[in-house]
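A.B. asks: Below is one structure. I have some questions about it.
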Amino acid sequence: MAIQRIGIVGCGLMGAGIAQCAAEAGFEVRVKEVEQAFLDKGLGRIQAAWDRAVAKGKLQDGQKAEYAQRLRGTLDLASLGDCDLVIEAVPERLDLKLATLADLDRTLGPSAMLCSNTSSLSLAQLGTALGPGRLPRLAGLHFFNPVPAMPLVEIVRALGTSEATVAALKEFVARLGKTAVLAPDAPGFVVNRLLVPYLLDAIRCAEQRLATVEDLDAAMKLGAGHPMGPLHLSDFIGLDTMASVADVFFEAFGEARFKAPALLRQLVAAGRLGRKSGSGFYRWEGDKRMEALPL
Ligand SMILES: NC(=O)c1ccc[n+]([C@@H]2O[C@H](COP(=O)([O-])OP(=O)(O)OC[C@H]3O[C@@H](n4cnc5c(N)ncnc54)[C@H](O)[C@@H]3O)[C@@H](O)[C@H]2O)c1
């Protein structure tokens with residue numbers, strides 16, 4: 001089934017990024033928010049990104065106008081009623097996602113596909129909000145932050161996702177100019193299942209004084225070609241987020257490599273949460289990483 005109209009629920013960090021990419025790729029996009037102020041903020045961020053691209057000579061004024069014309073904000077879920085594909089990007093709360101999906105199931109036509117951008121919730125559980133007719137058209141579509149810059153999308157098969165849905169989503173992702181990988185409906189999908197234990201291991205190395213914080217980061221950056229070292233990246237993600245993700249993974253898989261290291265818990269207890277609190281493994285001035293702090 002050819003997708004033309006895209007609906008997005010939530011115009012926050014991820015929803016706005018997905019809306020921007022879909023409008024640029026030629027889709028008609030409707031974004032639904034709960035309050036006009038949030039909608040204005042999200043759409044304003046997209047507009048600012050296009051304005052920057054025009055200022056840098058990467059986008060023509062006419063092209064920008066075309067993108068903007070394809071993108072519409074709304075506070076009314078019924079405006080998404082004729083969409084071929086709706087992606088929910090509301091906050092990561094099970095009750096909120098279930099209510100949003102149930103409302104969408106009632107609002108959309110029978111052939112519409114429904115996707116969730118969830119990072120950690122089970123698609124099987126999200127499917128309980130839907131009628132049986134929708135289940136073949138439910139899947140996870142996991143974008144990465146910042147959406148316009150990150151080329152990967154994980155397509156997560158839910159229980160009962162049809163081959164036709166997977167094929168249509170692969171085509172949609174390709175039209176966005178991104179690459180899709182198929183991922184299982186299990187915590188962390190593919191990327192975080194591999195990335196999280198690596199980051200936790202790096203924290204264990206720092207805990208055991210295998211090398212200094214700066215040297216651990218330099219080693220992986222320069223020796224493995226990673227864009228940033230693991231402790232820098234952990235500060236970026238947020239050490240409290242890292243600790244809660246580790247807890248979810250350890251609970252799900254029971255393997256020691258997913259266990260939050262004592263050092264991570266100590267840093268969180270001390271209020272050193274990474275970039276967002278101004279200190280973690282490093283001191284931060286806004287987005288700028290400063291010197292490593294004592295451990
Ligand atoms: N932030 C990330 O790095 C990242 C990466 C991948 C996936 N995700 C996932 O994407 C989803 C959204 O995360 P985010 O970081 O964009 O959150 P966010 O808080 O920036 O945005 C969520 C938006 O949803 C809106 N919203 C809440 N209820 C709504 C409703 N009923 N209808 C319409 N809009 C509603 C909120 O007003 C808010 O603007 C979550 O499931 C998250 O786990 C986030």
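Letters A, B, ... mark the chains of the structure tokens in the order given; residue numbers begin at 1 per chain; ligand numbers begin at 1, in order shown.
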Once you count only C-alpha atoms, what closest atom pair and distance in Å to one decimal does each residue of stretch 55-143 of chain A within 6 Å of stretch 158-175 of chain A have, with rows by chain and rising residue number, as a tab-separated table?

C.D. replies:
```
residue	atom	partner	partner_atom	distance
A:Leu123	CA	A:Ala158	CA	5.3
A:Ala124	CA	A:Ala158	CA	5.7
A:Pro136	CA	A:Thr161	CA	4.2
A:Arg137	CA	A:Thr165	CA	5.7
A:Leu138	CA	A:Thr161	CA	5.9
A:Ala139	CA	A:Ala158	CA	5.4
```

A.B. asks: Would you pick out the contacts of A:Val86 at 8 Å or less, using only C-alpha atoms, so that residues sharing its chain but fewer than 6 positions from it are not included, and give the list as a PyMOL selection string?

C.D. replies: chain A and resi 6-9+80+112-115

A.B. asks: For each of A:Ser111, A:Ser120, A:Thr128, A:Gln208, take the minimum atom-to-atom distance to A:Pro261, counting only C-alpha atoms, then give the residue where this is smallest.

C.D. replies: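 Closest candidate: A:Gln208.
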
A.B. asks: Taking the backbone alone, and naming residues the way the document does, which bits of stretch 33-113 of chain A are strand (DSSP E or B) by DSSP, as a list in words?

C.D. replies: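 Put together, the selection reads Leu71, Arg72, Gly73, Thr74, Leu85, Val86, Ile87, Glu88 and Met113 of chain A.
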
A.B. asks: Looking at only C-alpha atoms, which of A:Gly42, A:Pro132, A:Gly26, A:Pro230 is the one that sits closest to A:Leu13?

C.D. replies: A:Gly42
